[in-house]
>>> print(open('target14.pdb').read())   # PDB, C-alpha atoms
MODEL        1
ATOM      1  CA  MET A 251     -61.224  15.165   0.124
ATOM      2  CA  CYS A 252     -58.188  17.240   1.008
ATOM      3  CA  PRO A 253     -55.873  15.795   3.662
ATOM      4  CA  THR A 254     -55.921  17.483   7.029
ATOM      5  CA  PRO A 255     -52.661  18.631   8.672
ATOM      6  CA  ASP A 256     -52.897  15.660  11.022
ATOM      7  CA  THR A 257     -52.950  13.095   8.210
ATOM      8  CA  GLN A 258     -49.878  10.854   8.576
ATOM      9  CA  TYR A 259     -47.954   9.872   5.443
ATOM     10  CA  PRO A 260     -45.015   7.477   5.630
ATOM     11  CA  MET A 261     -41.776   9.261   4.868
ATOM     12  CA  PRO A 262     -39.914   7.687   1.945
ATOM     13  CA  ARG A 263     -36.871   5.774   3.143
ATOM     14  CA  ARG A 264     -33.601   7.197   1.917
ATOM     15  CA  VAL A 265     -31.572   4.814  -0.234
ATOM     16  CA  LYS A 266     -28.252   3.866   1.336
ATOM     17  CA  CYS A 267     -25.177   2.005   0.089
ATOM     18  CA  LEU A 268     -21.848   0.740   1.338
ATOM     19  CA  ALA A 269     -18.813   1.890  -0.649
ATOM     20  CA  LEU A 270     -15.614  -0.121  -0.787
ATOM     21  CA  PHE A 271     -13.301   2.817  -0.171
ATOM     22  CA  SER A 272      -9.528   2.739  -0.703
ATOM     23  CA  GLY A 273      -9.069   6.496  -0.682
ATOM     24  CA  GLY A 274      -7.831   6.550  -4.282
ATOM     25  CA  LEU A 275      -9.353   8.903  -6.830
ATOM     26  CA  ASP A 276     -11.632   6.301  -8.409
ATOM     27  CA  SER A 277     -13.195   5.340  -5.096
ATOM     28  CA  ILE A 278     -13.702   9.033  -4.236
ATOM     29  CA  LEU A 279     -15.380   9.686  -7.595
ATOM     30  CA  ALA A 280     -17.629   6.652  -7.249
ATOM     31  CA  VAL A 281     -18.868   8.043  -3.932
ATOM     32  CA  LYS A 282     -19.462  11.500  -5.434
ATOM     33  CA  VAL A 283     -21.384  10.156  -8.444
ATOM     34  CA  VAL A 284     -23.714   8.188  -6.181
ATOM     35  CA  GLN A 285     -24.135  10.994  -3.653
ATOM     36  CA  GLU A 286     -25.313  13.267  -6.503
ATOM     37  CA  GLN A 287     -28.407  11.061  -6.709
ATOM     38  CA  GLY A 288     -29.248  11.776  -3.080
ATOM     39  CA  ILE A 289     -28.097   8.342  -1.963
ATOM     40  CA  GLU A 290     -26.521   8.064   1.476
ATOM     41  CA  VAL A 291     -23.037   6.527   1.309
ATOM     42  CA  LEU A 292     -21.128   4.820   4.102
ATOM     43  CA  GLY A 293     -17.490   4.004   3.363
ATOM     44  CA  LEU A 294     -15.870   0.691   4.231
ATOM     45  CA  THR A 295     -12.126   0.036   4.206
ATOM     46  CA  PHE A 296     -10.105  -3.003   5.208
ATOM     47  CA  THR A 297      -6.812  -3.565   6.992
ATOM     48  CA  THR A 298      -4.315  -6.431   6.817
ATOM     49  CA  PRO A 299      -0.513  -6.595   7.214
ATOM     50  CA  PHE A 300      -0.339  -5.901   3.465
ATOM     51  CA  PHE A 301      -2.377  -2.692   3.352
ATOM     52  CA  GLY A 302      -3.726  -0.262   5.892
ATOM     53  CA  ALA A 303      -6.477   2.328   6.227
ATOM     54  CA  LYS A 304      -4.455   5.555   6.409
ATOM     55  CA  LYS A 305      -5.084   6.677   2.824
ATOM     56  CA  ALA A 306      -8.788   5.864   3.114
ATOM     57  CA  GLU A 307      -9.066   7.705   6.436
ATOM     58  CA  GLU A 308      -7.423  10.836   5.045
ATOM     59  CA  ALA A 309      -9.566  10.856   1.900
ATOM     60  CA  ALA A 310     -12.779  10.150   3.838
ATOM     61  CA  GLU A 311     -12.072  13.075   6.146
ATOM     62  CA  THR A 312     -11.424  15.341   3.154
ATOM     63  CA  ILE A 313     -14.793  14.581   1.501
ATOM     64  CA  GLY A 314     -16.762  14.157   4.740
ATOM     65  CA  LEU A 315     -17.487  10.463   4.240
ATOM     66  CA  PRO A 316     -18.309   8.354   7.324
ATOM     67  CA  LEU A 317     -15.915   5.408   7.273
ATOM     68  CA  LEU A 318     -15.913   1.930   8.781
ATOM     69  CA  LYS A 319     -12.643   0.003   9.237
ATOM     70  CA  LEU A 320     -12.559  -3.790   9.276
ATOM     71  CA  ASP A 321      -9.509  -5.933  10.075
ATOM     72  CA  ILE A 322      -9.595  -9.086   7.918
ATOM     73  CA  THR A 323      -6.029 -10.250   8.610
ATOM     74  CA  GLU A 324      -6.620 -13.897   9.489
ATOM     75  CA  GLU A 325      -9.046 -14.767   6.701
ATOM     76  CA  HIS A 326      -7.195 -12.676   4.154
ATOM     77  CA  PHE A 327      -3.814 -14.281   4.838
ATOM     78  CA  ALA A 328      -5.315 -17.770   4.527
ATOM     79  CA  MET A 329      -6.569 -16.749   1.096
ATOM     80  CA  VAL A 330      -3.224 -15.188   0.093
ATOM     81  CA  LYS A 331      -1.465 -18.504   0.680
ATOM     82  CA  ASP A 332      -3.814 -20.397  -1.662
ATOM     83  CA  PRO A 333      -5.937 -18.148  -3.896
ATOM     84  CA  ARG A 334      -8.493 -19.862  -6.088
ATOM     85  CA  TYR A 335      -7.751 -17.606  -9.060
ATOM     86  CA  GLY A 336      -4.014 -17.327  -8.570
ATOM     87  CA  TYR A 337      -1.768 -14.299  -8.450
ATOM     88  CA  GLY A 338      -1.126 -11.268 -10.583
ATOM     89  CA  ARG A 339       2.380 -10.191 -11.523
ATOM     90  CA  ASN A 340       3.587 -10.699  -7.945
ATOM     91  CA  MET A 341       1.765 -12.212  -4.949
ATOM     92  CA  ASN A 342      -1.375 -10.151  -5.441
ATOM     93  CA  PRO A 343      -4.478 -12.397  -5.577
ATOM     94  CA  CYS A 344      -6.672  -9.536  -6.791
ATOM     95  CA  ILE A 345      -9.731 -11.506  -7.922
ATOM     96  CA  ASP A 346      -9.926 -13.485  -4.674
ATOM     97  CA  CYS A 347      -9.172 -10.379  -2.620
ATOM     98  CA  HIS A 348     -11.915  -8.291  -4.250
ATOM     99  CA  THR A 349     -14.331 -11.185  -3.857
ATOM    100  CA  MET A 350     -13.611 -11.345  -0.133
ATOM    101  CA  MET A 351     -14.049  -7.603   0.301
ATOM    102  CA  ILE A 352     -17.402  -7.551  -1.468
ATOM    103  CA  ARG A 353     -18.570 -10.560   0.526
ATOM    104  CA  LYS A 354     -17.577  -8.828   3.770
ATOM    105  CA  ALA A 355     -19.432  -5.702   2.661
ATOM    106  CA  GLY A 356     -22.466  -7.751   1.692
ATOM    107  CA  GLU A 357     -22.583  -9.333   5.120
ATOM    108  CA  LEU A 358     -22.870  -5.829   6.604
ATOM    109  CA  LEU A 359     -25.688  -4.560   4.359
ATOM    110  CA  ASP A 360     -28.547  -5.481   6.681
ATOM    111  CA  HIS A 361     -26.701  -4.353   9.797
ATOM    112  CA  TYR A 362     -26.258  -0.838   8.419
ATOM    113  CA  GLY A 363     -29.569  -0.700   6.570
ATOM    114  CA  ALA A 364     -27.826  -0.443   3.219
ATOM    115  CA  ASP A 365     -29.382  -1.498  -0.086
ATOM    116  CA  PHE A 366     -26.344  -2.274  -2.201
ATOM    117  CA  ILE A 367     -22.546  -2.032  -2.561
ATOM    118  CA  ILE A 368     -20.523   0.290  -4.787
ATOM    119  CA  THR A 369     -16.878   0.096  -5.820
ATOM    120  CA  GLY A 370     -14.555   2.446  -7.708
ATOM    121  CA  GLU A 371     -13.511  -0.167 -10.268
ATOM    122  CA  VAL A 372     -13.115   0.959 -13.875
ATOM    123  CA  LEU A 373     -13.621  -1.523 -16.696
ATOM    124  CA  GLY A 374     -10.303  -2.396 -18.344
ATOM    125  CA  GLN A 375      -8.159  -0.365 -15.964
ATOM    126  CA  ARG A 376      -6.439  -3.493 -14.656
ATOM    127  CA  PRO A 377      -6.199  -6.329 -17.201
ATOM    128  CA  MET A 378      -6.434  -9.201 -14.713
ATOM    129  CA  SER A 379      -9.036  -8.082 -12.202
ATOM    130  CA  GLN A 380     -11.110  -5.425 -13.990
ATOM    131  CA  ASN A 381     -12.167  -7.034 -17.245
ATOM    132  CA  LYS A 382     -15.839  -7.976 -17.714
ATOM    133  CA  GLN A 383     -15.329 -11.635 -16.887
ATOM    134  CA  SER A 384     -13.373 -10.916 -13.693
ATOM    135  CA  LEU A 385     -15.867  -8.316 -12.487
ATOM    136  CA  HIS A 386     -18.662 -10.857 -12.999
ATOM    137  CA  ILE A 387     -16.730 -13.617 -11.219
ATOM    138  CA  VAL A 388     -16.018 -11.364  -8.237
ATOM    139  CA  ALA A 389     -19.653 -10.337  -7.811
ATOM    140  CA  LYS A 390     -20.958 -13.870  -8.348
ATOM    141  CA  ASN A 391     -18.512 -15.584  -5.988
ATOM    142  CA  SER A 392     -19.086 -12.987  -3.292
ATOM    143  CA  GLY A 393     -22.654 -14.224  -2.930
ATOM    144  CA  PHE A 394     -24.024 -10.742  -3.629
ATOM    145  CA  ASN A 395     -24.242 -10.802  -7.412
ATOM    146  CA  GLY A 396     -26.625  -8.127  -8.641
ATOM    147  CA  ARG A 397     -26.166  -5.988  -5.532
ATOM    148  CA  VAL A 398     -22.790  -4.643  -6.676
ATOM    149  CA  VAL A 399     -22.781  -1.382  -8.655
ATOM    150  CA  ARG A 400     -19.652   0.020 -10.324
ATOM    151  CA  PRO A 401     -20.766   3.644 -10.866
ATOM    152  CA  LEU A 402     -17.788   4.666 -13.003
ATOM    153  CA  SER A 403     -18.377   1.961 -15.636
ATOM    154  CA  ALA A 404     -21.971   0.883 -14.943
ATOM    155  CA  ARG A 405     -23.323   1.782 -18.382
ATOM    156  CA  LEU A 406     -20.816  -0.577 -19.999
ATOM    157  CA  LEU A 407     -21.821  -3.455 -17.718
ATOM    158  CA  PRO A 408     -25.027  -5.508 -17.323
ATOM    159  CA  GLU A 409     -27.815  -3.791 -15.415
ATOM    160  CA  THR A 410     -27.819  -4.621 -11.713
ATOM    161  CA  ALA A 411     -30.760  -5.109  -9.363
ATOM    162  CA  PRO A 412     -30.415  -1.667  -7.700
ATOM    163  CA  GLU A 413     -30.668  -0.099 -11.166
ATOM    164  CA  SER A 414     -33.645  -2.148 -12.346
ATOM    165  CA  GLU A 415     -35.414  -1.566  -9.021
ATOM    166  CA  GLY A 416     -34.995   2.175  -9.343
ATOM    167  CA  LEU A 417     -32.759   2.557  -6.302
ATOM    168  CA  ILE A 418     -30.163   4.247  -8.475
ATOM    169  CA  ASP A 419     -30.542   5.897 -11.889
ATOM    170  CA  ARG A 420     -28.459   4.031 -14.459
ATOM    171  CA  GLU A 421     -28.579   6.982 -16.877
ATOM    172  CA  LYS A 422     -26.709   9.142 -14.361
ATOM    173  CA  LEU A 423     -23.906   6.601 -13.995
ATOM    174  CA  LEU A 424     -20.777   6.598 -16.162
ATOM    175  CA  ASP A 425     -19.094   4.685 -18.971
ATOM    176  CA  LEU A 426     -15.405   4.987 -18.104
ATOM    177  CA  ARG A 427     -13.089   2.423 -19.653
ATOM    178  CA  GLY A 428      -9.368   1.723 -19.761
ATOM    179  CA  ARG A 429      -6.245   3.037 -18.082
ATOM    180  CA  GLY A 430      -6.546   6.676 -19.133
ATOM    181  CA  ARG A 431      -7.152   9.177 -16.344
ATOM    182  CA  LYS A 432      -8.224  12.273 -18.284
ATOM    183  CA  ARG A 433     -11.944  12.028 -17.489
ATOM    184  CA  GLN A 434     -11.266  11.209 -13.842
ATOM    185  CA  MET A 435      -9.033  14.253 -13.524
ATOM    186  CA  GLU A 436     -11.686  16.446 -15.144
ATOM    187  CA  MET A 437     -14.252  15.101 -12.695
ATOM    188  CA  ALA A 438     -11.909  15.717  -9.774
ATOM    189  CA  ALA A 439     -11.576  19.358 -10.840
ATOM    190  CA  ARG A 440     -15.354  19.678 -11.102
ATOM    191  CA  TYR A 441     -15.834  18.273  -7.607
ATOM    192  CA  GLY A 442     -13.067  20.451  -6.205
ATOM    193  CA  ILE A 443     -10.879  17.462  -5.372
ATOM    194  CA  THR A 444      -7.307  18.740  -5.547
ATOM    195  CA  SER A 445      -5.396  16.159  -3.540
ATOM    196  CA  TYR A 446      -5.404  12.485  -4.411
ATOM    197  CA  THR A 447      -2.896   9.678  -4.734
ATOM    198  CA  SER A 448      -1.674   7.989  -7.894
ATOM    199  CA  PRO A 449      -3.584   4.906  -9.081
ATOM    200  CA  ALA A 450      -0.728   2.629  -7.996
ATOM    201  CA  GLY A 451      -2.161   0.973  -4.924
ATOM    202  CA  GLY A 452      -0.655   0.653  -1.482
ATOM    203  CA  CYS A 453      -0.894  -3.139  -1.370
ATOM    204  CA  LEU A 454       2.485  -4.683  -0.588
ATOM    205  CA  LEU A 455       1.484  -7.854  -2.420
ATOM    206  CA  THR A 456       1.922  -5.964  -5.696
ATOM    207  CA  ASP A 457       5.527  -5.105  -4.773
ATOM    208  CA  LEU A 458       8.202  -7.328  -6.359
ATOM    209  CA  MET A 459      10.674  -7.296  -3.467
ATOM    210  CA  PHE A 460       8.065  -7.829  -0.762
ATOM    211  CA  SER A 461       6.480 -10.671  -2.744
ATOM    212  CA  ARG A 462       9.861 -12.360  -3.148
ATOM    213  CA  ARG A 463      10.450 -12.168   0.604
ATOM    214  CA  LEU A 464       6.959 -13.445   1.395
ATOM    215  CA  ARG A 465       7.295 -16.445  -0.925
ATOM    216  CA  GLU A 466      10.654 -17.289   0.613
ATOM    217  CA  LEU A 467       9.232 -17.003   4.128
ATOM    218  CA  LEU A 468       6.282 -19.271   3.322
ATOM    219  CA  ASN A 469       8.683 -21.868   1.895
ATOM    220  CA  HIS A 470      10.375 -22.045   5.306
ATOM    221  CA  ASN A 471       7.324 -21.439   7.481
ATOM    222  CA  PRO A 472       3.847 -21.975   5.978
ATOM    223  CA  ASP A 473       2.176 -20.418   9.015
ATOM    224  CA  PRO A 474       4.261 -17.386  10.027
ATOM    225  CA  HIS A 475       3.421 -15.140  12.957
ATOM    226  CA  PRO A 476       2.141 -11.642  12.003
ATOM    227  CA  ARG A 477       5.395 -10.223  13.403
ATOM    228  CA  GLU A 478       7.333 -12.111  10.732
ATOM    229  CA  ILE A 479       5.194 -10.422   8.093
ATOM    230  CA  GLU A 480       5.942  -7.033   9.644
ATOM    231  CA  LEU A 481       9.676  -7.780   9.531
ATOM    232  CA  LEU A 482       9.437  -8.359   5.770
ATOM    233  CA  LYS A 483       8.750  -4.632   5.387
ATOM    234  CA  THR A 484      12.137  -3.469   6.646
ATOM    235  CA  GLY A 485      15.869  -3.951   6.208
ATOM    236  CA  ARG A 486      17.920  -6.386   4.146
ATOM    237  CA  HIS A 487      17.038 -10.078   4.494
ATOM    238  CA  PHE A 488      19.402 -13.056   4.399
ATOM    239  CA  ARG A 489      18.912 -16.804   4.748
ATOM    240  CA  ILE A 490      22.050 -18.457   6.110
ATOM    241  CA  GLU A 491      22.808 -22.003   7.321
ATOM    242  CA  ASN A 492      20.098 -24.271   8.778
ATOM    243  CA  GLY A 493      17.301 -21.978   7.597
ATOM    244  CA  VAL A 494      18.345 -19.155   9.937
ATOM    245  CA  LYS A 495      17.237 -15.670   8.869
ATOM    246  CA  VAL A 496      19.218 -12.478   9.452
ATOM    247  CA  ILE A 497      17.677  -9.025   8.995
ATOM    248  CA  VAL A 498      20.000  -6.017   8.761
ATOM    249  CA  GLY A 499      18.802  -2.410   8.931
ATOM    250  CA  LYS A 500      19.425  -0.013   6.054
ATOM    251  CA  ASN A 501      18.972   3.216   8.006
ATOM    252  CA  ARG A 502      17.913   4.620  11.373
ATOM    253  CA  ARG A 503      14.240   3.987  10.695
ATOM    254  CA  ASP A 504      14.953   0.321   9.913
ATOM    255  CA  ASN A 505      17.138  -0.030  12.998
ATOM    256  CA  ALA A 506      14.399   1.408  15.197
ATOM    257  CA  MET A 507      11.740  -0.830  13.670
ATOM    258  CA  ILE A 508      13.904  -3.948  14.009
ATOM    259  CA  ALA A 509      14.656  -3.163  17.648
ATOM    260  CA  ASP A 510      10.972  -2.501  18.323
ATOM    261  CA  LEU A 511       9.921  -5.837  16.813
ATOM    262  CA  ALA A 512      12.633  -7.839  18.621
ATOM    263  CA  ARG A 513      11.615 -10.345  21.287
ATOM    264  CA  ASP A 514      13.505 -12.035  24.091
ATOM    265  CA  GLU A 515      14.103 -15.196  22.032
ATOM    266  CA  ASP A 516      15.711 -13.184  19.215
ATOM    267  CA  VAL A 517      19.348 -12.125  18.925
ATOM    268  CA  LEU A 518      20.234  -8.483  18.241
ATOM    269  CA  LEU A 519      23.738  -7.626  16.990
ATOM    270  CA  LYS A 520      25.656  -4.398  16.450
ATOM    271  CA  VAL A 521      29.256  -3.444  15.672
ATOM    272  CA  THR A 522      30.531  -1.417  18.609
ATOM    273  CA  GLU A 523      33.686   0.240  17.246
ATOM    274  CA  TYR A 524      32.262   1.744  14.034
ATOM    275  CA  PRO A 525      28.939   3.224  12.920
ATOM    276  CA  GLY A 526      26.695   0.588  11.425
ATOM    277  CA  PRO A 527      23.287  -1.086  11.404
ATOM    278  CA  CYS A 528      21.650  -3.355  13.901
ATOM    279  CA  ALA A 529      20.916  -6.936  12.859
ATOM    280  CA  LEU A 530      18.233  -9.320  14.060
ATOM    281  CA  ILE A 531      18.139 -13.119  14.130
ATOM    282  CA  PRO A 532      14.509 -14.111  14.804
ATOM    283  CA  HIS A 533      14.297 -16.977  17.337
ATOM    284  CA  GLY A 534      18.097 -17.037  17.779
ATOM    285  CA  CYS A 535      20.550 -19.558  16.357
ATOM    286  CA  ALA A 536      23.565 -21.799  17.041
ATOM    287  CA  GLU A 537      27.016 -20.294  17.562
ATOM    288  CA  GLU A 538      28.328 -20.912  14.031
ATOM    289  CA  CYS A 539      25.352 -19.042  12.554
ATOM    290  CA  LEU A 540      25.837 -16.269  15.083
ATOM    291  CA  LEU A 541      29.393 -15.723  13.789
ATOM    292  CA  MET A 542      28.112 -15.621  10.210
ATOM    293  CA  ALA A 543      25.436 -13.090  11.158
ATOM    294  CA  ALA A 544      28.085 -10.972  12.878
ATOM    295  CA  GLY A 545      30.082 -10.999   9.623
ATOM    296  CA  ILE A 546      27.020  -9.763   7.706
ATOM    297  CA  CYS A 547      26.486  -7.024  10.270
ATOM    298  CA  ALA A 548      30.145  -6.008   9.999
ATOM    299  CA  HIS A 549      29.915  -5.929   6.191
ATOM    300  CA  TYR A 550      27.342  -3.137   6.344
ATOM    301  CA  SER A 551      29.182  -1.154   9.014
ATOM    302  CA  ASP A 552      31.821   1.505   8.363
ATOM    303  CA  ALA A 553      34.560  -0.865   9.505
ATOM    304  CA  PRO A 554      37.372  -1.681   7.023
ATOM    305  CA  LYS A 555      36.418  -4.869   5.193
ATOM    306  CA  ASP A 556      39.588  -6.692   6.273
ATOM    307  CA  ALA A 557      39.458  -5.585   9.930
ATOM    308  CA  GLU A 558      38.377  -7.815  12.781
ATOM    309  CA  VAL A 559      35.777  -5.874  14.745
ATOM    310  CA  GLU A 560      33.849  -6.223  17.965
ATOM    311  CA  VAL A 561      30.196  -7.168  17.553
ATOM    312  CA  ARG A 562      27.973  -7.004  20.610
ATOM    313  CA  PHE A 563      25.000  -9.365  20.770
ATOM    314  CA  ARG A 564      21.997  -9.534  23.068
ATOM    315  CA  LYS A 565      19.413 -12.266  23.582
ATOM    316  CA  GLY A 566      16.874 -11.337  26.220
ATOM    317  CA  LYS A 567      18.934 -10.331  29.241
ATOM    318  CA  GLU A 568      22.023 -12.198  28.036
ATOM    319  CA  THR A 569      24.752 -10.167  26.325
ATOM    320  CA  GLY A 570      28.119 -11.014  24.836
ATOM    321  CA  ILE A 571      30.920  -9.965  22.487
ATOM    322  CA  LEU A 572      32.047 -11.602  19.237
ATOM    323  CA  ARG A 573      35.073 -10.829  17.059
ATOM    324  CA  ALA A 574      34.260 -10.983  13.360
ATOM    325  CA  THR A 575      35.421  -9.730   9.969
ATOM    326  CA  ALA A 576      33.081  -8.520   7.264
ATOM    327  CA  ALA A 577      31.496 -11.260   5.163
ATOM    328  CA  PRO A 578      32.721 -11.078   1.537
ATOM    329  CA  ARG A 579      30.482  -9.542  -1.115
ATOM    330  CA  SER A 580      30.134 -12.864  -2.940
ATOM    331  CA  LEU A 581      28.719 -14.541   0.189
ATOM    332  CA  ILE A 582      26.452 -11.575   0.882
ATOM    333  CA  ASP A 583      24.978 -11.826  -2.630
ATOM    334  CA  GLU A 584      24.539 -15.582  -2.302
ATOM    335  CA  MET A 585      22.614 -15.372   0.977
ATOM    336  CA  MET A 586      20.514 -12.287   0.290
ATOM    337  CA  ILE A 587      16.803 -12.874  -0.299
TER     338      ILE A 587
ENDMDL
END
>>> encode(input="target14.pdb", output="structure tokens")
Amino acid sequence: MCPTPDTQYPMPRRVKCLALFSGGLDSILAVKVVQEQGIEVLGLTFTTPFFGAKKAEEAAETIGLPLLKLDITEEHFAMVKDPRYGYGRNMNPCIDCHTMMIRKAGELLDHYGADFIITGEVLGQRPMSQNKQSLHIVAKNSGFNGRVVRPLSARLLPETAPESEGLIDREKLLDLRGRGRKRQMEMAARYGITSYTSPAGGCLLTDLMFSRRLRELLNHNPDPHPREIELLKTGRHFRIENGVKVIVGKNRRDNAMIADLARDEDVLLKVTEYPGPCALIPHGCAEECLLMAAGICAHYSDAPKDAEVEVRFRKGKETGILRATAAPRSLIDEMMI
């Protein structure tokens, strides 16, 4: 019997996935490879004080990918202070970080009607976090083992549930391996992707200087305020007597950022008679430290190194004037973080 026009057939449900999306080339290509199979992709990016969403937002707009943003600052920072699998070359806890991101994505699968998670990871591209063992540990510890597909290297990895269930065709996935970028660049040209960032990530925890400052801060304050993390991103940092910190701008942008982050309990200093930076003492300090901070501020001004100069300070609504000479280079080097 032939069906009549009124016969109702259930429409097949379209397969959907969540993509961990950094905005780098690999994450863009992972999305494209999966979209070629007719799978609906929703991007997910994360924000913390150590990395933001700007690159992901720009890339998502370029390829027309709907993008979710999720702030994981509090939980992420707790993990950064004590990662189960330790750090990479600097303070980057990549295995623990990736685990957290996949777990967060997994917790959103049902809410968005998604079937599985994809990432842009390439086997062997990063020796610590993208070898077979690490990729397995990340998926397993996330609680969503088997629901994580790495489209760019899937054919080199064990088959996942979405593949065995026929939600995604394993034969149409890739076998990329290692740090080379030739195949990715060829794919980018094929997809018409002409603008993309270098593979070096935007995570400040991979940066040597930032990591040094963060470790030093945590040694003095295990539970810093988010503002103290923001201050690590700018200026020159010094630790003087009694654990007091002094931050001195390097340029106009630094000076503006320092002034913007200052609070009433902080002290701001600036040489008045010569061009020079502004300096910040978070939470203020005793008078002897104030004089030392004024000397640091004078050191980086255009004042002659042997001249006594006027340094204006402000704490809340209170203002005053100090006379100070530039701190010697040897002391500067000793106190600099």
>>> resolve_selection(input="target14.pdb", expression="the PyMOL selection byres ((chain A and resi 517) around 8)", output="count of residues only")
16
>>> resolve_selection(input="target14.pdb", expression="the PyMOL selection byres ((chain A and resi 330) around 10)", output="PDB file with C-alpha atoms, keeping the file's coordinate frame")
ATOM      1  CA  GLU A 325      -9.046 -14.767   6.701  1.00  0.00           C
ATOM      2  CA  HIS A 326      -7.195 -12.676   4.154  1.00  0.00           C
ATOM      3  CA  PHE A 327      -3.814 -14.281   4.838  1.00  0.00           C
ATOM      4  CA  ALA A 328      -5.315 -17.770   4.527  1.00  0.00           C
ATOM      5  CA  MET A 329      -6.569 -16.749   1.096  1.00  0.00           C
ATOM      6  CA  LYS A 331      -1.465 -18.504   0.680  1.00  0.00           C
ATOM      7  CA  ASP A 332      -3.814 -20.397  -1.662  1.00  0.00           C
ATOM      8  CA  PRO A 333      -5.937 -18.148  -3.896  1.00  0.00           C
ATOM      9  CA  ARG A 334      -8.493 -19.862  -6.088  1.00  0.00           C
ATOM     10  CA  GLY A 336      -4.014 -17.327  -8.570  1.00  0.00           C
ATOM     11  CA  TYR A 337      -1.768 -14.299  -8.450  1.00  0.00           C
ATOM     12  CA  MET A 341       1.765 -12.212  -4.949  1.00  0.00           C
ATOM     13  CA  ASN A 342      -1.375 -10.151  -5.441  1.00  0.00           C
ATOM     14  CA  PRO A 343      -4.478 -12.397  -5.577  1.00  0.00           C
ATOM     15  CA  CYS A 344      -6.672  -9.536  -6.791  1.00  0.00           C
ATOM     16  CA  ASP A 346      -9.926 -13.485  -4.674  1.00  0.00           C
ATOM     17  CA  CYS A 347      -9.172 -10.379  -2.620  1.00  0.00           C
ATOM     18  CA  LEU A 455       1.484  -7.854  -2.420  1.00  0.00           C
TER      19      LEU A 455
END
>>> resolve_selection(input="target14.pdb", expression="the PyMOL selection byres ((chain A and resi 410-413) around 10)", output="PyMOL selection string")
chain A and resi 265+365-367+395-400+404+407-409+414-421+423
>>> closest_residue(input="target14.pdb", among="A:Lys319, A:Arg573, A:Arg486, A:Arg463", to="A:Thr297", atoms="all atoms listed in the file")
A:Lys319
>>> closest_atom_pairs(input="target14.pdb", of="stretch 282-374 of chain A", to="stretch 437-443 of chain A", cutoff="12 Å", atoms="all atoms listed in the file", output="CSV")
residue,atom,partner,partner_atom,distance
A:Lys282,CA,A:Tyr441,CA,8.0
A:Val283,CA,A:Met437,CA,9.7
A:Gln285,CA,A:Tyr441,CA,11.7
A:Glu286,CA,A:Tyr441,CA,10.8
A:Ala309,CA,A:Ile443,CA,9.9
A:Ala310,CA,A:Ile443,CA,11.9
A:Thr312,CA,A:Ile443,CA,8.8
A:Ile313,CA,A:Ile443,CA,8.4
>>> residues_around(input="target14.pdb", residues="A:Arg353", least_positions_apart="2", cutoff="9 Å", atoms="only C-alpha atoms", output="ChimeraX atom specification")
/A:348-351,355-358,389,391-394
>>> closest_residue(input="target14.pdb", among="A:Val496, A:Val561, A:Met435, A:Ile546", to="A:Ile508", atoms="all atoms listed in the file")
A:Val496
>>> atom_distance(input="target14.pdb", atom1="atom CA of A:Arg405", atom2="atom CA of A:Ala280")
13.4 Å
>>> atom_distance(input="target14.pdb", atom1="atom CA of A:Glu466", atom2="atom CA of A:Thr323")
19.8 Å
>>> atom_distance(input="target14.pdb", atom1="atom CA of A:Glu478", atom2="atom CA of A:Ala577")
24.8 Å
>>> closest_residue(input="target14.pdb", among="A:Gly526, A:Gly273, A:Pro299, A:Gly428", to="A:Thr369", atoms="all atoms listed in the file")
A:Gly273
>>> residues_near_point(input="target14.pdb", point="(23.3, -20.8, 13.6)", cutoff="7 Å", atoms="only C-alpha atoms", output="list of chain:residue names")
A:Glu491, A:Asn492, A:Val494, A:Cys535, A:Ala536, A:Glu537, A:Glu538, A:Cys539, A:Leu540
>>> write_last_selection(input="target14.pdb", atoms="C-alpha atoms", output="short mmCIF file (atom, residue, chain, number, x, y, z; two decimals), keeping the file's coordinate frame")
data_model
loop_
_atom_site.label_atom_id
_atom_site.label_comp_id
_atom_site.auth_asym_id
_atom_site.auth_seq_id
_atom_site.Cartn_x
_atom_site.Cartn_y
_atom_site.Cartn_z
CA GLU A 491 22.81 -22.00 7.32
CA ASN A 492 20.10 -24.27 8.78
CA VAL A 494 18.34 -19.16 9.94
CA CYS A 535 20.55 -19.56 16.36
CA ALA A 536 23.56 -21.80 17.04
CA GLU A 537 27.02 -20.29 17.56
CA GLU A 538 28.33 -20.91 14.03
CA CYS A 539 25.35 -19.04 12.55
CA LEU A 540 25.84 -16.27 15.08
#
>>> closest_residue(input="target14.pdb", among="A:Leu468, A:Ile497, A:Leu572, A:Leu402", to="A:Leu541", atoms="only C-alpha atoms")
A:Leu572
>>> closest_residue(input="target14.pdb", among="A:Met507, A:Leu359, A:Leu268, A:Ile352", to="A:Leu315", atoms="all atoms listed in the file")
A:Leu268
>>> closest_residue(input="target14.pdb", among="A:Glu371, A:Asp552, A:Glu480, A:Glu558", to="A:Leu424", atoms="only C-alpha atoms")
A:Glu371
>>> residues_around(input="target14.pdb", residues="A:Arg431", least_positions_apart="2", cutoff="12 Å", atoms="only C-alpha atoms", output="number ranges by chain")
A: 275-276, 372, 375, 426-429, 433-438, 448-449
>>> residues_around(input="target14.pdb", residues="A:Ile587", least_positions_apart="2", cutoff="7 Å", atoms="all atoms listed in the file", output="ChimeraX atom specification")
/A:463,487-489,585
